[in-house]
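Asker: So that you have it, the file is final_0.json, and it contains JSON, C-alpha atoms:
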```json
[["chain", "number", "residue", "atom", "x", "y", "z"],
["A", 1, "MET", "CA", 78.39, 60.38, 124.80],
["A", 2, "ASN", "CA", 81.67, 61.59, 126.21],
["A", 3, "LEU", "CA", 81.19, 65.00, 127.74],
["A", 4, "ASP", "CA", 84.32, 65.08, 129.91],
["A", 5, "ASN", "CA", 85.95, 67.79, 127.88],
["A", 6, "PHE", "CA", 82.82, 69.87, 127.40],
["A", 7, "HIS", "CA", 83.56, 72.73, 129.67],
["A", 8, "LYS", "CA", 80.48, 74.28, 131.21],
["A", 9, "ALA", "CA", 81.91, 77.71, 130.65],
["A", 10, "PHE", "CA", 81.25, 77.16, 126.95],
["A", 11, "GLU", "CA", 77.70, 75.89, 127.23],
["A", 12, "ASN", "CA", 76.51, 79.36, 126.47],
["A", 13, "LYS", "CA", 76.61, 80.68, 122.92],
["A", 14, "VAL", "CA", 77.69, 84.18, 123.96],
["A", 15, "ARG", "CA", 80.68, 82.87, 125.93],
["A", 16, "LEU", "CA", 81.60, 80.65, 123.00],
["A", 17, "GLY", "CA", 81.49, 83.72, 120.77],
["A", 18, "ILE", "CA", 83.64, 85.80, 123.13],
["A", 19, "MET", "CA", 86.27, 83.05, 123.33],
["A", 20, "SER", "CA", 86.25, 82.61, 119.52],
["A", 21, "VAL", "CA", 87.00, 86.31, 119.06],
["A", 22, "LEU", "CA", 89.75, 86.27, 121.71],
["A", 23, "MET", "CA", 91.37, 83.17, 120.17],
["A", 24, "VAL", "CA", 92.18, 85.00, 116.93],
["A", 25, "ASN", "CA", 92.76, 88.52, 118.28],
["A", 26, "ASP", "CA", 95.33, 89.73, 120.80],
["A", 27, "ALA", "CA", 93.32, 92.24, 122.79],
["A", 28, "VAL", "CA", 89.74, 93.27, 122.11],
["A", 29, "SER", "CA", 87.89, 96.19, 123.67],
["A", 30, "PHE", "CA", 84.49, 95.99, 125.32],
["A", 31, "ASN", "CA", 82.89, 98.04, 122.55],
["A", 32, "GLN", "CA", 84.34, 95.90, 119.77],
["A", 33, "LEU", "CA", 83.03, 92.77, 121.48],
["A", 34, "LYS", "CA", 79.65, 94.41, 121.91],
["A", 35, "GLU", "CA", 79.49, 95.27, 118.23],
["A", 36, "LEU", "CA", 80.73, 91.89, 117.00],
["A", 37, "LEU", "CA", 78.40, 89.86, 119.17],
["A", 38, "GLU", "CA", 75.49, 92.32, 118.90],
["A", 39, "LEU", "CA", 74.81, 92.37, 122.63],
["A", 40, "THR", "CA", 73.70, 94.86, 125.26],
["A", 41, "ASP", "CA", 76.22, 96.21, 127.78],
["A", 42, "GLY", "CA", 74.74, 94.29, 130.71],
["A", 43, "ASN", "CA", 74.50, 90.99, 128.90],
["A", 44, "LEU", "CA", 78.07, 91.15, 127.62],
["A", 45, "ALA", "CA", 79.42, 92.29, 131.00],
["A", 46, "SER", "CA", 77.86, 89.36, 132.84],
["A", 47, "HIS", "CA", 79.31, 86.81, 130.43],
["A", 48, "LEU", "CA", 82.72, 88.47, 130.58],
["A", 49, "LYS", "CA", 82.55, 88.27, 134.39],
["A", 50, "ALA", "CA", 81.77, 84.56, 134.18],
["A", 51, "LEU", "CA", 84.71, 83.88, 131.88],
["A", 52, "GLU", "CA", 86.93, 85.97, 134.12],
["A", 53, "LYS", "CA", 85.88, 83.85, 137.09],
["A", 54, "PHE", "CA", 87.00, 80.72, 135.24],
["A", 55, "LYS", "CA", 90.32, 82.55, 134.61],
["A", 56, "PHE", "CA", 89.80, 82.04, 130.88],
["A", 57, "ILE", "CA", 90.11, 85.73, 130.12],
["A", 58, "GLU", "CA", 92.14, 88.59, 131.49],
["A", 59, "VAL", "CA", 91.09, 92.21, 131.82],
["A", 60, "LYS", "CA", 93.51, 94.99, 130.99],
["A", 61, "LYS", "CA", 92.70, 98.57, 131.90],
["A", 62, "GLU", "CA", 94.66, 101.37, 130.29],
["A", 63, "PHE", "CA", 94.28, 105.00, 129.45],
["A", 64, "ILE", "CA", 94.29, 106.18, 125.86],
["A", 65, "ASP", "CA", 94.23, 109.98, 125.55],
["A", 66, "ARG", "CA", 93.22, 110.09, 129.21],
["A", 67, "LYS", "CA", 90.13, 108.03, 128.48],
["A", 68, "PRO", "CA", 89.82, 104.64, 130.18],
["A", 69, "ASN", "CA", 90.04, 101.76, 127.76],
["A", 70, "THR", "CA", 89.28, 98.21, 128.88],
["A", 71, "THR", "CA", 90.50, 95.36, 126.74],
["A", 72, "TYR", "CA", 90.10, 91.61, 127.13],
["A", 73, "LEU", "CA", 92.63, 88.87, 126.39],
["A", 74, "SER", "CA", 92.34, 85.11, 126.52],
["A", 75, "THR", "CA", 94.61, 83.41, 129.05],
["A", 76, "ARG", "CA", 96.67, 80.29, 128.44],
["A", 77, "ALA", "CA", 94.17, 78.29, 130.49],
["A", 78, "GLY", "CA", 91.33, 79.74, 128.43],
["A", 79, "LYS", "CA", 93.02, 78.85, 125.14],
["A", 80, "THR", "CA", 93.70, 75.29, 126.31],
["A", 81, "ALA", "CA", 90.14, 74.81, 127.54],
["A", 82, "PHE", "CA", 88.73, 76.20, 124.30],
["A", 83, "GLU", "CA", 90.92, 73.89, 122.22],
["A", 84, "GLU", "CA", 89.82, 70.90, 124.30],
["A", 85, "HIS", "CA", 86.22, 71.97, 123.85],
["A", 86, "LEU", "CA", 86.70, 72.15, 120.08],
["A", 87, "ALA", "CA", 88.39, 68.73, 120.04],
["A", 88, "ALA", "CA", 85.49, 67.27, 122.04],
["A", 89, "LEU", "CA", 82.98, 68.81, 119.60],
["A", 90, "GLU", "CA", 84.91, 67.36, 116.68],
["A", 91, "LYS", "CA", 85.04, 63.92, 118.25],
["A", 92, "LEU", "CA", 81.36, 63.93, 119.03],
["A", 93, "ILE", "CA", 80.44, 64.86, 115.49],
["A", 94, "LYS", "CA", 82.76, 62.21, 114.02],
["A", 95, "GLU", "CA", 81.17, 59.54, 116.20],
["A", 96, "HIS", "CA", 77.77, 60.42, 114.79],
["A", 97, "LEU", "CA", 78.78, 60.37, 111.14],
["B", 1, "MET", "CA", 73.73, 67.17, 117.52],
["B", 2, "THR", "CA", 72.37, 70.22, 115.72],
["B", 3, "SER", "CA", 73.24, 72.40, 118.71],
["B", 4, "HIS", "CA", 76.87, 71.28, 118.43],
["B", 5, "LEU", "CA", 76.89, 72.08, 114.74],
["B", 6, "ASN", "CA", 75.42, 75.47, 115.59],
["B", 7, "ASP", "CA", 78.20, 75.96, 118.12],
["B", 8, "LEU", "CA", 80.82, 75.22, 115.48],
["B", 9, "GLN", "CA", 79.19, 77.60, 113.04],
["B", 10, "GLU", "CA", 79.10, 80.33, 115.67],
["B", 11, "ILE", "CA", 82.80, 79.82, 116.48],
["B", 12, "ARG", "CA", 83.73, 79.98, 112.83],
["B", 13, "LYS", "CA", 81.60, 83.04, 112.21],
["B", 14, "MET", "CA", 83.02, 84.99, 115.15],
["B", 15, "MET", "CA", 86.61, 84.08, 114.32],
["B", 16, "GLU", "CA", 86.17, 85.27, 110.76],
["B", 17, "LYS", "CA", 84.10, 88.34, 111.54],
["B", 18, "SER", "CA", 86.59, 89.56, 114.13],
["B", 19, "SER", "CA", 89.72, 89.06, 112.05],
["B", 20, "ARG", "CA", 88.66, 90.02, 108.53],
["B", 21, "PHE", "CA", 87.12, 93.21, 107.18],
["B", 22, "LEU", "CA", 84.06, 91.93, 105.37],
["B", 23, "SER", "CA", 82.23, 95.18, 104.68],
["B", 24, "LEU", "CA", 84.22, 95.79, 101.52],
["B", 25, "SER", "CA", 81.64, 96.35, 98.80],
["B", 26, "GLY", "CA", 81.81, 94.92, 95.28],
["B", 27, "LEU", "CA", 80.46, 98.23, 94.00],
["B", 28, "SER", "CA", 83.62, 99.89, 95.35],
["B", 29, "GLY", "CA", 85.55, 97.82, 92.81],
["B", 30, "VAL", "CA", 83.15, 98.74, 89.99],
["B", 31, "SER", "CA", 83.34, 102.45, 90.78],
["B", 32, "ALA", "CA", 87.16, 102.40, 90.95],
["B", 33, "GLY", "CA", 87.18, 100.60, 87.60],
["B", 34, "VAL", "CA", 84.86, 103.14, 85.97],
["B", 35, "VAL", "CA", 87.01, 106.02, 87.26],
["B", 36, "ALA", "CA", 90.09, 104.29, 85.82],
["B", 37, "LEU", "CA", 88.42, 103.76, 82.42],
["B", 38, "VAL", "CA", 87.48, 107.44, 82.18],
["B", 39, "ALA", "CA", 91.02, 108.45, 83.19],
["B", 40, "ALA", "CA", 92.53, 106.10, 80.60],
["B", 41, "ALA", "CA", 90.27, 107.57, 77.88],
["B", 42, "LEU", "CA", 91.29, 111.11, 78.86],
["B", 43, "ALA", "CA", 94.97, 110.10, 78.79],
["B", 44, "TYR", "CA", 94.52, 108.53, 75.36],
["B", 45, "PHE", "CA", 92.80, 111.56, 73.79],
["B", 46, "LYS", "CA", 95.26, 113.99, 75.36],
["B", 47, "ARG", "CA", 98.11, 111.99, 73.88],
["B", 48, "GLU", "CA", 96.51, 112.07, 70.45],
["B", 49, "GLU", "CA", 96.09, 115.81, 70.83],
["B", 50, "LEU", "CA", 99.63, 116.54, 72.00],
["B", 51, "MET", "CA", 101.67, 113.89, 70.29],
["B", 52, "GLY", "CA", 99.45, 112.16, 67.78],
["B", 53, "SER", "CA", 101.04, 114.00, 64.89],
["B", 54, "LEU", "CA", 104.46, 112.77, 66.00],
["B", 55, "VAL", "CA", 103.74, 109.09, 66.28],
["B", 56, "GLY", "CA", 100.63, 108.34, 64.27],
["B", 57, "LYS", "CA", 97.37, 106.80, 65.41],
["B", 58, "GLY", "CA", 96.84, 103.73, 67.51],
["B", 59, "PHE", "CA", 96.63, 102.46, 71.03],
["B", 60, "THR", "CA", 100.28, 101.53, 71.37],
["B", 61, "TYR", "CA", 102.95, 104.09, 71.81],
["B", 62, "ALA", "CA", 106.70, 103.93, 72.32],
["B", 63, "GLY", "CA", 107.90, 107.32, 71.15],
["B", 64, "LYS", "CA", 109.24, 110.32, 72.99],
["B", 65, "VAL", "CA", 107.04, 111.97, 75.61],
["B", 66, "VAL", "CA", 106.47, 115.73, 75.61],
["B", 67, "PRO", "CA", 106.63, 117.53, 79.01],
["B", 68, "ALA", "CA", 103.09, 118.94, 78.69],
["B", 69, "TYR", "CA", 101.75, 115.39, 78.48],
["B", 70, "VAL", "CA", 103.66, 114.35, 81.61],
["B", 71, "ASP", "CA", 102.22, 117.32, 83.52],
["B", 72, "PHE", "CA", 98.73, 116.40, 82.35],
["B", 73, "LEU", "CA", 99.18, 112.76, 83.39],
["B", 74, "ILE", "CA", 100.44, 113.65, 86.86],
["B", 75, "LYS", "CA", 97.39, 115.85, 87.53],
["B", 76, "LEU", "CA", 95.08, 113.23, 86.05],
["B", 77, "ALA", "CA", 96.67, 110.50, 88.21],
["B", 78, "VAL", "CA", 96.17, 112.47, 91.43],
["B", 79, "ILE", "CA", 92.50, 113.21, 90.63],
["B", 80, "THR", "CA", 91.89, 109.59, 89.57],
["B", 81, "LEU", "CA", 93.40, 108.26, 92.79],
["B", 82, "ILE", "CA", 91.29, 110.56, 94.96],
["B", 83, "LEU", "CA", 88.06, 109.78, 93.09],
["B", 84, "ALA", "CA", 88.70, 106.03, 93.22],
["B", 85, "ILE", "CA", 89.39, 106.09, 96.97],
["B", 86, "VAL", "CA", 86.42, 108.34, 97.80],
["B", 87, "SER", "CA", 83.97, 106.31, 95.70],
["B", 88, "GLY", "CA", 85.41, 103.09, 97.14],
["B", 89, "ILE", "CA", 84.88, 104.27, 100.70],
["B", 90, "PHE", "CA", 81.40, 105.54, 99.84],
["B", 91, "PHE", "CA", 80.09, 102.18, 98.58],
["B", 92, "THR", "CA", 81.72, 100.27, 101.44],
["B", 93, "TRP", "CA", 80.19, 102.68, 103.94],
["B", 94, "ARG", "CA", 76.81, 102.28, 102.23],
["B", 95, "LYS", "CA", 77.04, 98.49, 102.39],
["B", 96, "ALA", "CA", 78.06, 98.45, 106.06],
["B", 97, "LYS", "CA", 75.25, 100.88, 106.97],
["B", 98, "LYS", "CA", 77.49, 102.15, 109.73],
["B", 99, "SER", "CA", 79.24, 105.39, 110.52],
["B", 100, "ILE", "CA", 82.68, 106.00, 109.03],
["B", 101, "SER", "CA", 84.15, 105.96, 112.54],
["B", 102, "SER", "CA", 82.85, 102.48, 113.31],
["B", 103, "LEU", "CA", 84.27, 101.24, 109.99],
["B", 104, "TRP", "CA", 87.64, 102.43, 111.27],
["B", 105, "ASN", "CA", 88.22, 99.48, 113.61],
["B", 106, "PRO", "CA", 91.34, 97.42, 114.47],
["B", 107, "VAL", "CA", 90.77, 95.06, 111.53],
["B", 108, "SER", "CA", 90.34, 97.79, 108.92],
["B", 109, "LYS", "CA", 93.38, 99.53, 110.38],
["B", 110, "LYS", "CA", 95.45, 96.38, 109.80],
["B", 111, "LEU", "CA", 93.99, 96.16, 106.29],
["B", 112, "VAL", "CA", 94.97, 99.75, 105.47],
["B", 113, "LEU", "CA", 98.43, 99.39, 107.04],
["B", 114, "ASN", "CA", 99.20, 96.24, 105.06],
["B", 115, "MET", "CA", 98.00, 97.88, 101.89],
["B", 116, "ALA", "CA", 99.83, 101.15, 102.54],
["B", 117, "ILE", "CA", 103.30, 99.62, 102.96],
["B", 118, "PRO", "CA", 103.67, 98.31, 99.37],
["B", 119, "LEU", "CA", 101.67, 101.24, 97.95],
["B", 120, "LEU", "CA", 103.77, 103.96, 99.58],
["B", 121, "SER", "CA", 106.98, 102.15, 98.62],
["B", 122, "GLY", "CA", 105.71, 102.06, 95.04],
["B", 123, "GLY", "CA", 104.78, 105.73, 95.26],
["B", 124, "ALA", "CA", 108.32, 106.59, 96.38],
["B", 125, "VAL", "CA", 109.84, 104.60, 93.50],
["B", 126, "ILE", "CA", 107.55, 106.32, 90.98],
["B", 127, "LEU", "CA", 108.30, 109.80, 92.38],
["B", 128, "ALA", "CA", 112.02, 109.05, 92.10],
["B", 129, "LEU", "CA", 111.56, 107.99, 88.46],
["B", 130, "LEU", "CA", 109.52, 111.12, 87.71],
["B", 131, "ALA", "CA", 112.20, 113.30, 89.29],
["B", 132, "ASN", "CA", 114.75, 111.69, 86.97],
["B", 133, "HIS", "CA", 112.48, 111.97, 83.88],
["B", 134, "VAL", "CA", 112.19, 108.22, 83.47],
["B", 135, "TYR", "CA", 108.62, 107.55, 82.38],
["B", 136, "PHE", "CA", 108.47, 104.32, 80.46],
["B", 137, "LEU", "CA", 108.25, 101.97, 83.48],
["B", 138, "ILE", "CA", 105.71, 103.91, 85.53],
["B", 139, "PRO", "CA", 102.41, 102.38, 84.31],
["B", 140, "GLU", "CA", 103.79, 98.87, 84.81],
["B", 141, "LEU", "CA", 105.12, 99.76, 88.26],
["B", 142, "THR", "CA", 101.72, 101.07, 89.38],
["B", 143, "LEU", "CA", 100.24, 97.68, 88.46],
["B", 144, "ILE", "CA", 103.03, 95.75, 90.19],
["B", 145, "PHE", "CA", 102.96, 97.68, 93.47],
["B", 146, "TYR", "CA", 99.16, 97.77, 93.53],
["B", 147, "GLY", "CA", 99.11, 94.01, 92.99],
["B", 148, "LEU", "CA", 101.54, 93.51, 95.88],
["B", 149, "ALA", "CA", 99.45, 95.82, 98.08],
["B", 150, "LEU", "CA", 96.29, 93.79, 97.40],
["B", 151, "ILE", "CA", 98.06, 90.50, 98.06],
["B", 152, "SER", "CA", 99.36, 91.85, 101.36],
["B", 153, "ALA", "CA", 95.96, 93.29, 102.36],
["B", 154, "SER", "CA", 94.06, 90.13, 101.45],
["B", 155, "GLN", "CA", 94.90, 88.48, 104.79],
["B", 156, "TYR", "CA", 92.50, 90.92, 106.40],
["B", 157, "THR", "CA", 89.57, 90.76, 104.00],
["B", 158, "TYR", "CA", 88.00, 88.43, 101.41],
["B", 159, "ARG", "CA", 90.44, 85.89, 99.96],
["B", 160, "ASP", "CA", 89.26, 86.96, 96.48],
["B", 161, "VAL", "CA", 91.34, 90.12, 96.85],
["B", 162, "PHE", "CA", 94.44, 87.91, 96.71],
["B", 163, "TYR", "CA", 93.57, 86.75, 93.19],
["B", 164, "LEU", "CA", 92.80, 90.29, 92.02],
["B", 165, "GLY", "CA", 96.24, 91.30, 93.32],
["B", 166, "LEU", "CA", 97.87, 88.39, 91.53],
["B", 167, "CYS", "CA", 96.22, 89.38, 88.22],
["B", 168, "GLU", "CA", 97.36, 93.02, 88.59],
["B", 169, "LEU", "CA", 100.88, 91.83, 89.37],
["B", 170, "ILE", "CA", 100.98, 89.52, 86.35],
["B", 171, "LEU", "CA", 99.76, 92.31, 84.02],
["B", 172, "GLY", "CA", 102.47, 94.62, 85.35],
["B", 173, "VAL", "CA", 105.22, 92.04, 84.96],
["B", 174, "LEU", "CA", 104.02, 91.23, 81.41],
["B", 175, "GLY", "CA", 104.23, 94.95, 80.63],
["B", 176, "LEU", "CA", 107.90, 94.98, 81.62],
["B", 177, "GLY", "CA", 108.60, 92.53, 78.83],
["B", 178, "ILE", "CA", 106.63, 94.14, 76.02],
["B", 179, "ASN", "CA", 107.03, 97.72, 74.89],
["B", 180, "GLY", "CA", 104.36, 100.19, 73.90],
["B", 181, "TYR", "CA", 101.31, 98.63, 75.54],
["B", 182, "SER", "CA", 101.48, 100.51, 78.85],
["B", 183, "LEU", "CA", 98.18, 102.36, 78.54],
["B", 184, "LEU", "CA", 96.38, 99.25, 77.31],
["B", 185, "LEU", "CA", 97.69, 97.12, 80.19],
["B", 186, "TRP", "CA", 96.96, 99.87, 82.71],
["B", 187, "THR", "CA", 93.39, 100.15, 81.41],
["B", 188, "MET", "CA", 92.94, 96.39, 81.66],
["B", 189, "GLY", "CA", 94.38, 96.24, 85.18],
["B", 190, "PHE", "CA", 92.78, 99.23, 86.83],
["B", 191, "GLY", "CA", 89.66, 99.46, 84.66],
["B", 192, "LEU", "CA", 88.46, 96.09, 83.42],
["B", 193, "LEU", "CA", 89.83, 93.90, 86.23],
["B", 194, "HIS", "CA", 88.29, 96.16, 88.89],
["B", 195, "ILE", "CA", 84.90, 96.11, 87.20],
["B", 196, "LEU", "CA", 85.01, 92.34, 86.68],
["B", 197, "TYR", "CA", 86.14, 91.74, 90.27],
["B", 198, "GLY", "CA", 83.53, 94.18, 91.59],
["B", 199, "ILE", "CA", 80.69, 92.45, 89.76],
["B", 200, "ILE", "CA", 81.82, 89.01, 90.95],
["B", 201, "MET", "CA", 82.11, 90.24, 94.55],
["B", 202, "HIS", "CA", 78.76, 91.99, 94.38],
["B", 203, "LEU", "CA", 76.99, 88.85, 93.16],
["B", 204, "LYS", "CA", 78.88, 86.59, 95.60],
["B", 205, "TYR", "CA", 78.65, 88.58, 98.86],
["B", 206, "ASP", "CA", 76.54, 91.75, 98.62],
["B", 207, "ARG", "CA", 73.27, 90.50, 97.21],
["B", 208, "LYS", "CA", 72.08, 88.56, 100.25]]
```
Starting from the coordinates I provided, produce the structure as structure tokens.

Answerer:
Amino acid sequence: MNLDNFHKAFENKVRLGIMSVLMVNDAVSFNQLKELLELTDGNLASHLKALEKFKFIEVKKEFIDRKPNTTYLSTRAGKTAFEEHLAALEKLIKEHL
Amino acid sequence: MTSHLNDLQEIRKMMEKSSRFLSLSGLSGVSAGVVALVAAALAYFKREELMGSLVGKGFTYAGKVVPAYVDFLIKLAVITLILAIVSGIFFTWRKAKKSISSLWNPVSKKLVLNMAIPLLSGGAVILALLANHVYFLIPELTLIFYGLALISASQYTYRDVFYLGLCELILGVLGLGINGYSLLLWTMGFGLLHILYGIIMHLKYDRK
């Protein structure tokens, strides 16, 4: 089994979910992610931190109507890694057909 | 192996869930269709009452329109539109089991924006025609612009909406070519098609 392109950042289902959302959306807020993935604040925050550490996502803090609004974006490196992960998944499944 | 398949399913699910508004209820379509059928019946009977003696009986009509009938139709159209939208939102809200404010998210905003652009353009065209006392194209134009609005909005919700839009558009374009069937085509487009679409959507997505 070739696992070279299986990035360990994506071993976790929550992180995979976060990246999937950020692949098809420009910028997503913390609360939207929470609702989509049905997670608690703490759980989501820790996985976001992990992805941030890999430099796969970027945090943007702004103020909307004087209220802080944090949004998350996927970085170029994150997109590339996610695509490689998908390609590796595809290959693996093809080999087993 | 199964864990990888699960991963793929999760990726697919999250991509779709985050980029399409999937809380749209089939019952919203049915209720809009019922409202349209009632409105069409009221329009038909009012026409018989006001102008029936001028043109004879029947569903088709290509004669001259009296101003009182136009006034009645404008009021009826506004009430019909409001009832259809309110009932549509109600059933979608009921299906989502969420607050109205959480239904108003970035995806539904994109959906509404993409629907509003063709609809408001159509509204402007129709208002201009009304202001110039040109009535004969209006029912067909409502179908055409509504069809375009659905096609444009379908990128942000179920793909089925695309086909509903296409059917509305085709009915409207057909109406441009044949005279006297405006009310019949309008009733088919806004009444029957909505009910049919709503039932299909309800069976396909809601009953799970």

Asker: What are the closest atom pairs, with distances in Å to one decimal, for each residue of stretch 11-60 of chain A lying within 9 Å of stretch 71-79 of chain A, using only C-alpha atoms, rows by chain and rising residue number, as CSV?

Answerer:
```
residue,atom,partner,partner_atom,distance
A:Met19,CA,A:Ser74,CA,7.2
A:Leu22,CA,A:Ser74,CA,5.6
A:Met23,CA,A:Ser74,CA,6.7
A:Asn25,CA,A:Leu73,CA,8.1
A:Asp26,CA,A:Leu73,CA,6.3
A:Ala27,CA,A:Leu73,CA,5.0
A:Val28,CA,A:Thr71,CA,5.1
A:Ser29,CA,A:Thr71,CA,4.1
A:Phe30,CA,A:Thr71,CA,6.2
A:Leu48,CA,A:Tyr72,CA,8.7
A:Leu51,CA,A:Gly78,CA,8.5
A:Phe54,CA,A:Gly78,CA,8.1
A:Lys55,CA,A:Gly78,CA,6.9
A:Phe56,CA,A:Gly78,CA,3.7
A:Ile57,CA,A:Ser74,CA,4.3
A:Glu58,CA,A:Leu73,CA,5.1
A:Val59,CA,A:Tyr72,CA,4.8
A:Lys60,CA,A:Thr71,CA,5.2
```

Asker: With only C-alpha atoms as the counted atoms, please give the residues lying no more than 10 Å from B:Glu140, apart from itself and same-chain residues fewer than 6 positions off, as a list in words.

Answerer: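 Counting only C-alpha atoms, the residues come to Tyr146, Glu168, Leu169, Ile170, Leu171, Gly172, Val173, Leu174, Gly175, Leu176, Gly177, Tyr181, Ser182, Leu183, Leu185, Trp186 and Gly189 of chain B.
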
Asker: Residues of chain A within 6 Å of chain B: nearest atom pair and distance (Å, one decimal) for each, counting all atoms listed in the file, sorted by chain and number, as JSON lines?

Answerer:
```
{"residue": "A:Gly17", "atom": "CA", "partner": "B:Ile11", "partner_atom": "CA", "distance": 5.9}
{"residue": "A:Ser20", "atom": "CA", "partner": "B:Ile11", "partner_atom": "CA", "distance": 5.4}
{"residue": "A:Val21", "atom": "CA", "partner": "B:Met15", "partner_atom": "CA", "distance": 5.3}
```

Asker: Considering only C-alpha atoms, can you say which of A:Arg66, A:Lys94, A:His7, A:Lys34 comes closest to A:Thr80?

Answerer: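 Looking at the shortest contact to A:Thr80, the residue is A:His7.
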
Asker: Which residues are close to B:Ser87, i.e. within 12 Å by only C-alpha atoms, leaving aside same-chain residues fewer than 4 positions away? Reply as a list in words.

Answerer: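 The neighbour list is Ser25, Gly26, Leu27, Ser28, Gly29, Val30, Ser31, Ala32, Gly33, Val34, Val35, Ala36, Thr80, Leu81, Ile82, Leu83, Phe91, Thr92, Trp93 and Arg94 of chain B.
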
Asker: What is the atom CA of B:Leu50-atom CA of B:Gly191 distance in Å, reported with one decimal?

Answerer: 23.5 Å

Asker: I'd like the contact shell of B:Leu164 - 12 Å cut-off, only C-alpha atoms, skipping same-chain residues fewer than 3 positions apart - returned as a PyMOL selection string.

Answerer: chain B and resi 29+143-144+146-154+158-161+167-171+189-190+192-198+200-201
